[in-house]
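A quick write-up on the structure given underneath.
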Amino acid sequence: MLQKTKLGEYVKPLTNVYLLSALIETLENRDIGLPSIGVFNGGAGLGKTHAAMFASAHQNVIHIEITSNYTSKFLFEQILLELGAREKGSTPYLEAKVHEYLKQAGRTLIIDEADYALNSKMVNSIRFLYDRSSVPVVLIGSDDLHVKLANFNPIATRVLKRVPALTATLDDAQILAGFYGRGIDISTDLLEFIMTARHGSVREICTCIAHVRTMARTWNMKAVSLKEWGNEPFPIGNEFLTTGDAQ
């Protein structure tokens with residue numbers, strides 16, 4: 001699947017970018033009468049937020065990344081800001097305005113780090129927001145988000161589809177190497193070694209590739225293979241932080 005950037009160039013997105021994009025399309029093109037809440041969940045470092053940012057830029061969705069400090073009122077305020085509205089007032093007033101503006105915009109809403117919303121007040125706020133605006137909602141969160149959601153029946157029964165985020169593929173690693181390793185030819189066997197050592201974590205693969213590029217430039221090399229890399233350590237992971245080698 002190729003996607004066109006705002007610069008007019010076509011790019012091949014990472015696996016999880018494609019998966020989230022496809023989930024959004026499924027929700028937006030659902031049959032009449034079907035629910036339109038989706039769940040996109042997976043472990044830390046798989047690139048879920050990057051996928052959401054890509055969707056925000058290329059599919060005109062609203063992306064809200066919440067924290068443990070979010071209240072329903074603050075969530076409403078952030079959604080309104082994303083919609084270009086600077087409303088002030090009570091929580092019920094802001095809730096009504098969010099329903100109104102979202103319904104007019106018709107844009108899919110992504111709530112990132114949705115685990116932080118799993119309390120009765122926030123869950124009900126999201127449910128009413130979804131019910132009254134009729135826009136698709138995607139909840140992004142941890143590996144067991146879907147298990148936690150099962151305890152909140154008002155949301156769980158409105159989920160049309162869940163898509164688990166996947167660990168990085170070799171294609172993903174090569175795409176990442178084209179950016180974070182630009183100017184250096186990183187061999188397939190070295191990329192595969194990094195993928196295995198970092199358990200497919202996109203975040204850690206990016207860091208490792210960037211480190212390969214830094215070291216290759218230090219060594220004045222234009223290409224690096226696994227054999228040439230040898231036992232050079234990577235500055236990533238708990239095991240590195242506990243060896244005493246980190247500065």
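Scheme for the structure tokens: letters A, B, ... for chains in order shown; per-chain residue numbers from 1; ligand numbers from 1 in order shown.
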Quick one: contact table of region 179-208 of chain A to region 168-174 of chain A, 8 Å max, nearest atom pair and distance in Å to one decimal per residue, counting only C-alpha atoms, chain and number order, as a Markdown table?
| residue | atom | partner | partner_atom | distance |
| --- | --- | --- | --- | --- |
| A:Leu191 | CA | A:Ala173 | CA | 6.5 |
| A:Glu192 | CA | A:Leu170 | CA | 6.8 |
| A:Met195 | CA | A:Ala168 | CA | 7.3 |
| A:Gly200 | CA | A:Ala168 | CA | 4.6 |
| A:Ser201 | CA | A:Ala168 | CA | 6.4 |
| A:Val202 | CA | A:Ala168 | CA | 6.0 |
| A:Ile205 | CA | A:Ala173 | CA | 7.2 |
- Item | Ser134 (chain A) surroundings by only C-alpha atoms, 9 Å radius, close-in-sequence under 4 positions cut, as a ChimeraX atom specification | /A:36,99,102-103,106,129-130
- So which residues touch Ile126 (chain A) within 9 Å, counting only C-alpha atoms, skipping near sequence neighbours fewer than 5 positions away, as a PyMOL selection string? chain A and resi 72+117+121+131+137+155
For C-alpha atoms, I'd like the residues from the last selection saved as a compact mmCIF listing (two decimals), in the first residue's frame.
# COMPACT_ATOMS: atom_id res chain seq x y z
CA SER A 72 -13.30 14.51 30.72
CA ALA A 117 -9.29 6.60 30.04
CA LYS A 121 -16.35 8.67 34.12
CA ASP A 131 -23.07 7.97 20.33
CA VAL A 137 -13.43 6.32 17.34
CA ILE A 155 -17.67 0.56 25.13
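Backbone DSSP over region 67-182 of chain A yields strand (DSSP E) at Leu109, Ile110, Ile111, Asp112, Val137, Val138, Leu139, Ile140, Gly141, Val159, Leu160, Lys161, Arg162, Val163 and Pro164 of chain A.
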Output file for the selection above: N, CA and C atoms, as an mmCIF file, in the first residue's frame:
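Wrote again.cif, looks like this:
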data_model
loop_
_atom_site.group_PDB
_atom_site.id
_atom_site.type_symbol
_atom_site.label_atom_id
_atom_site.label_comp_id
_atom_site.auth_asym_id
_atom_site.auth_seq_id
_atom_site.Cartn_x
_atom_site.Cartn_y
_atom_site.Cartn_z
ATOM 1 N N LEU A 109 -11.954 10.048 15.237
ATOM 2 C CA LEU A 109 -11.235 10.475 16.434
ATOM 3 C C LEU A 109 -10.374 9.327 16.948
ATOM 4 N N ILE A 110 -9.073 9.599 17.102
ATOM 5 C CA ILE A 110 -8.157 8.634 17.712
ATOM 6 C C ILE A 110 -7.848 9.097 19.127
ATOM 7 N N ILE A 111 -8.071 8.211 20.092
ATOM 8 C CA ILE A 111 -7.679 8.482 21.473
ATOM 9 C C ILE A 111 -6.509 7.562 21.794
ATOM 10 N N ASP A 112 -5.329 8.164 21.862
ATOM 11 C CA ASP A 112 -4.075 7.440 22.089
ATOM 12 C C ASP A 112 -3.809 7.331 23.591
ATOM 13 N N VAL A 137 -14.392 6.071 16.262
ATOM 14 C CA VAL A 137 -13.428 6.323 17.339
ATOM 15 C C VAL A 137 -12.461 5.146 17.385
ATOM 16 N N VAL A 138 -11.168 5.453 17.405
ATOM 17 C CA VAL A 138 -10.144 4.422 17.536
ATOM 18 C C VAL A 138 -9.457 4.600 18.880
ATOM 19 N N LEU A 139 -9.415 3.539 19.653
ATOM 20 C CA LEU A 139 -8.731 3.547 20.940
ATOM 21 C C LEU A 139 -7.390 2.838 20.771
ATOM 22 N N ILE A 140 -6.306 3.549 21.072
ATOM 23 C CA ILE A 140 -4.962 2.984 20.962
ATOM 24 C C ILE A 140 -4.395 2.803 22.361
ATOM 25 N N GLY A 141 -3.823 1.636 22.610
ATOM 26 C CA GLY A 141 -3.277 1.424 23.939
ATOM 27 C C GLY A 141 -2.397 0.200 24.058
ATOM 28 N N VAL A 159 -17.471 -1.994 19.915
ATOM 29 C CA VAL A 159 -16.238 -2.231 19.148
ATOM 30 C C VAL A 159 -16.561 -3.078 17.924
ATOM 31 N N LEU A 160 -16.222 -2.557 16.759
ATOM 32 C CA LEU A 160 -16.434 -3.298 15.514
ATOM 33 C C LEU A 160 -15.256 -4.208 15.203
ATOM 34 N N LYS A 161 -14.045 -3.702 15.479
ATOM 35 C CA LYS A 161 -12.862 -4.481 15.108
ATOM 36 C C LYS A 161 -11.681 -4.116 15.993
ATOM 37 N N ARG A 162 -10.896 -5.148 16.339
ATOM 38 C CA ARG A 162 -9.631 -4.921 17.040
ATOM 39 C C ARG A 162 -8.490 -5.383 16.153
ATOM 40 N N VAL A 163 -7.454 -4.569 16.065
ATOM 41 C CA VAL A 163 -6.272 -4.909 15.276
ATOM 42 C C VAL A 163 -5.041 -4.821 16.181
ATOM 43 N N PRO A 164 -4.330 -5.920 16.377
ATOM 44 C CA PRO A 164 -3.108 -5.859 17.195
ATOM 45 C C PRO A 164 -1.938 -5.293 16.398
#
- Show which residues sit within 7 Å of Arg213 (chain A), as an NGL selection string. Count only C-alpha atoms, and ignore same-chain residues fewer than 3 positions away. :A and (181 or 184 or 209-210 or 216-217)
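Neighbours of Val61 (chain A) closer than or equal to 12 Å, with only C-alpha atoms counted and sequence neighbours fewer than 6 positions away skipped, come out as Leu20, Ser21, Ile24, Glu25, Glu28, Ala51, Ala52, Met53, Phe54, Ala55, Ile79, Glu82, Leu83, Leu102, Ala105, Gly106, Arg107, Thr108, Leu109, Ile110, Ile111, Val135, Pro136, Val137 and Val138 of chain A.
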- Task: Take CA of Met122 (chain A) and CA of Tyr70 (chain A) and report the distance between them in Å, one decimal.
- Result: 9.0 Å
- Which of region 4-227 of chain A counts as alpha helix (DSSP H) under DSSP, as a ChimeraX atom specification please? /A:15-28,48-58,72-82,91-105,120-133,145-149,153-156,170-180,188-197,202-218,226-227
Since we have the selection now, will you write its residues out, keeping C-alpha atoms, as an mmCIF file, in the first residue's frame?
data_model
loop_
_atom_site.group_PDB
_atom_site.id
_atom_site.type_symbol
_atom_site.label_atom_id
_atom_site.label_comp_id
_atom_site.auth_asym_id
_atom_site.auth_seq_id
_atom_site.Cartn_x
_atom_site.Cartn_y
_atom_site.Cartn_z
ATOM 1 C CA THR A 15 3.457 -2.238 8.838
ATOM 2 C CA ASN A 16 1.650 -0.691 11.799
ATOM 3 C CA VAL A 17 0.972 2.499 9.876
ATOM 4 C CA TYR A 18 -0.729 0.390 7.230
ATOM 5 C CA LEU A 19 -2.677 -1.636 9.803
ATOM 6 C CA LEU A 20 -4.046 1.451 11.548
ATOM 7 C CA SER A 21 -4.843 3.087 8.210
ATOM 8 C CA ALA A 22 -6.783 -0.006 7.140
ATOM 9 C CA LEU A 23 -8.658 -0.074 10.470
ATOM 10 C CA ILE A 24 -9.712 3.544 10.015
ATOM 11 C CA GLU A 25 -10.935 2.811 6.483
ATOM 12 C CA THR A 26 -12.950 -0.168 7.781
ATOM 13 C CA LEU A 27 -14.651 1.973 10.429
ATOM 14 C CA GLU A 28 -15.364 4.832 8.048
ATOM 15 C CA LYS A 48 1.481 2.918 17.456
ATOM 16 C CA THR A 49 1.683 6.653 18.132
ATOM 17 C CA HIS A 50 3.752 7.159 14.976
ATOM 18 C CA ALA A 51 0.983 5.369 13.068
ATOM 19 C CA ALA A 52 -1.599 7.685 14.650
ATOM 20 C CA MET A 53 0.437 10.763 13.702
ATOM 21 C CA PHE A 54 0.695 9.457 10.134
ATOM 22 C CA ALA A 55 -3.079 8.952 10.042
ATOM 23 C CA SER A 56 -3.587 12.477 11.375
ATOM 24 C CA ALA A 57 -1.461 13.884 8.567
ATOM 25 C CA HIS A 58 -2.758 11.717 5.718
ATOM 26 C CA SER A 72 -13.303 14.506 30.719
ATOM 27 C CA LYS A 73 -13.401 18.298 30.604
ATOM 28 C CA PHE A 74 -9.781 18.568 29.471
ATOM 29 C CA LEU A 75 -10.371 15.881 26.830
ATOM 30 C CA PHE A 76 -13.309 17.883 25.475
ATOM 31 C CA GLU A 77 -11.192 21.052 25.411
ATOM 32 C CA GLN A 78 -8.394 19.312 23.478
ATOM 33 C CA ILE A 79 -10.799 17.880 20.902
ATOM 34 C CA LEU A 80 -12.364 21.304 20.401
ATOM 35 C CA LEU A 81 -8.922 22.859 19.912
ATOM 36 C CA GLU A 82 -8.128 20.251 17.259
ATOM 37 C CA THR A 91 -18.140 20.279 31.414
ATOM 38 C CA PRO A 92 -21.720 19.653 30.151
ATOM 39 C CA TYR A 93 -21.466 22.704 27.876
ATOM 40 C CA LEU A 94 -18.119 21.570 26.427
ATOM 41 C CA GLU A 95 -19.456 18.041 25.990
ATOM 42 C CA ALA A 96 -22.401 19.340 23.984
ATOM 43 C CA LYS A 97 -20.058 21.474 21.845
ATOM 44 C CA VAL A 98 -17.774 18.517 21.146
ATOM 45 C CA HIS A 99 -20.764 16.489 19.947
ATOM 46 C CA GLU A 100 -21.844 19.367 17.717
ATOM 47 C CA TYR A 101 -18.428 20.124 16.202
ATOM 48 C CA LEU A 102 -17.462 16.471 15.739
ATOM 49 C CA LYS A 103 -20.727 15.674 13.999
ATOM 50 C CA GLN A 104 -20.234 18.628 11.645
ATOM 51 C CA ALA A 105 -16.622 17.699 10.904
ATOM 52 C CA SER A 120 -16.165 4.899 34.592
ATOM 53 C CA LYS A 121 -16.354 8.673 34.117
ATOM 54 C CA MET A 122 -14.008 8.852 31.133
ATOM 55 C CA VAL A 123 -15.454 5.721 29.524
ATOM 56 C CA ASN A 124 -18.959 7.163 29.715
ATOM 57 C CA SER A 125 -17.731 10.481 28.313
ATOM 58 C CA ILE A 126 -16.210 8.674 25.320
ATOM 59 C CA ARG A 127 -19.333 6.574 24.864
ATOM 60 C CA PHE A 128 -21.654 9.592 24.844
ATOM 61 C CA LEU A 129 -19.247 11.458 22.561
ATOM 62 C CA TYR A 130 -19.314 8.518 20.135
ATOM 63 C CA ASP A 131 -23.072 7.966 20.329
ATOM 64 C CA ARG A 132 -24.036 11.595 19.780
ATOM 65 C CA SER A 133 -21.496 12.538 17.119
ATOM 66 C CA LEU A 145 -6.150 -2.869 26.322
ATOM 67 C CA HIS A 146 -8.817 -5.137 24.842
ATOM 68 C CA VAL A 147 -8.841 -7.233 28.024
ATOM 69 C CA LYS A 148 -9.310 -4.132 30.170
ATOM 70 C CA LEU A 149 -12.033 -2.830 27.853
ATOM 71 C CA ASN A 153 -19.555 -3.113 28.600
ATOM 72 C CA PRO A 154 -20.859 0.226 27.207
ATOM 73 C CA ILE A 155 -17.675 0.562 25.130
ATOM 74 C CA ALA A 156 -16.894 -3.119 24.572
ATOM 75 C CA LEU A 170 12.515 -6.715 7.632
ATOM 76 C CA ASP A 171 10.757 -4.352 5.214
ATOM 77 C CA ASP A 172 10.118 -2.016 8.146
ATOM 78 C CA ALA A 173 13.759 -2.170 9.209
ATOM 79 C CA GLN A 174 14.893 -1.378 5.665
ATOM 80 C CA ILE A 175 12.516 1.596 5.489
ATOM 81 C CA LEU A 176 13.836 2.847 8.832
ATOM 82 C CA ALA A 177 17.423 2.315 7.684
ATOM 83 C CA GLY A 178 16.714 4.497 4.676
ATOM 84 C CA PHE A 179 16.096 7.391 7.049
ATOM 85 C CA TYR A 180 17.982 6.805 10.304
ATOM 86 C CA THR A 188 20.428 -7.254 5.603
ATOM 87 C CA ASP A 189 22.110 -9.591 8.099
ATOM 88 C CA LEU A 190 22.920 -6.679 10.419
ATOM 89 C CA LEU A 191 19.345 -5.388 10.207
ATOM 90 C CA GLU A 192 18.031 -8.887 10.958
ATOM 91 C CA PHE A 193 20.382 -9.113 13.931
ATOM 92 C CA ILE A 194 19.099 -5.783 15.253
ATOM 93 C CA MET A 195 15.471 -6.845 14.755
ATOM 94 C CA THR A 196 16.017 -10.079 16.681
ATOM 95 C CA ALA A 197 18.041 -8.472 19.472
ATOM 96 C CA VAL A 202 10.430 -0.074 16.149
ATOM 97 C CA ARG A 203 11.628 2.488 18.695
ATOM 98 C CA GLU A 204 14.728 0.484 19.619
ATOM 99 C CA ILE A 205 15.469 -0.503 16.013
ATOM 100 C CA CYS A 206 15.521 3.208 15.106
ATOM 101 C CA THR A 207 17.997 3.918 17.894
ATOM 102 C CA CYS A 208 20.231 1.028 16.880
ATOM 103 C CA ILE A 209 20.224 2.007 13.204
ATOM 104 C CA ALA A 210 21.096 5.590 14.097
ATOM 105 C CA HIS A 211 23.982 4.255 16.216
ATOM 106 C CA VAL A 212 25.239 2.141 13.296
ATOM 107 C CA ARG A 213 25.243 5.276 11.145
ATOM 108 C CA THR A 214 27.153 7.245 13.794
ATOM 109 C CA MET A 215 29.782 4.524 14.217
ATOM 110 C CA ALA A 216 30.140 3.975 10.460
ATOM 111 C CA ARG A 217 30.862 7.659 9.968
ATOM 112 C CA THR A 218 33.360 7.518 12.834
ATOM 113 C CA LEU A 226 27.123 -7.954 10.674
ATOM 114 C CA LYS A 227 30.653 -9.350 10.404
#
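You will find CA of Ser142 (chain A) at 19.7 Å from CA of Ile62 (chain A).
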- Point out the residue among A:Gly43, A:Glu228, A:Asn29, A:Arg86 with the least atom-to-atom distance to Ala165 (chain A), counting only C-alpha atoms. A:Gly43
- Separating CA of Glu113 (chain A) from CA of Gly89 (chain A), to the nearest tenth of an Å, is a gap of 25.8 Å
Neighbouring residues of Asp185 (chain A) were defined as those with any atom within 7 Å, considering only C-alpha atoms; residues of the same chain fewer than 3 positions away were excluded. Please report them as a PDB file with C-alpha atoms, in the first residue's frame.
ATOM      1  CA  LYS A 222      30.058   3.634   3.722  1.00  0.00           C
ATOM      2  CA  ALA A 223      28.738   0.117   4.344  1.00  0.00           C
ATOM      3  CA  VAL A 224      28.488  -2.054   7.444  1.00  0.00           C
TER       4      VAL A 224
END
- Item | Given only C-alpha atoms as the counted atoms, nearest of A:Ala114, A:Ala85, A:Met221, A:Ile186 to Gly38 (chain A) | A:Ala114
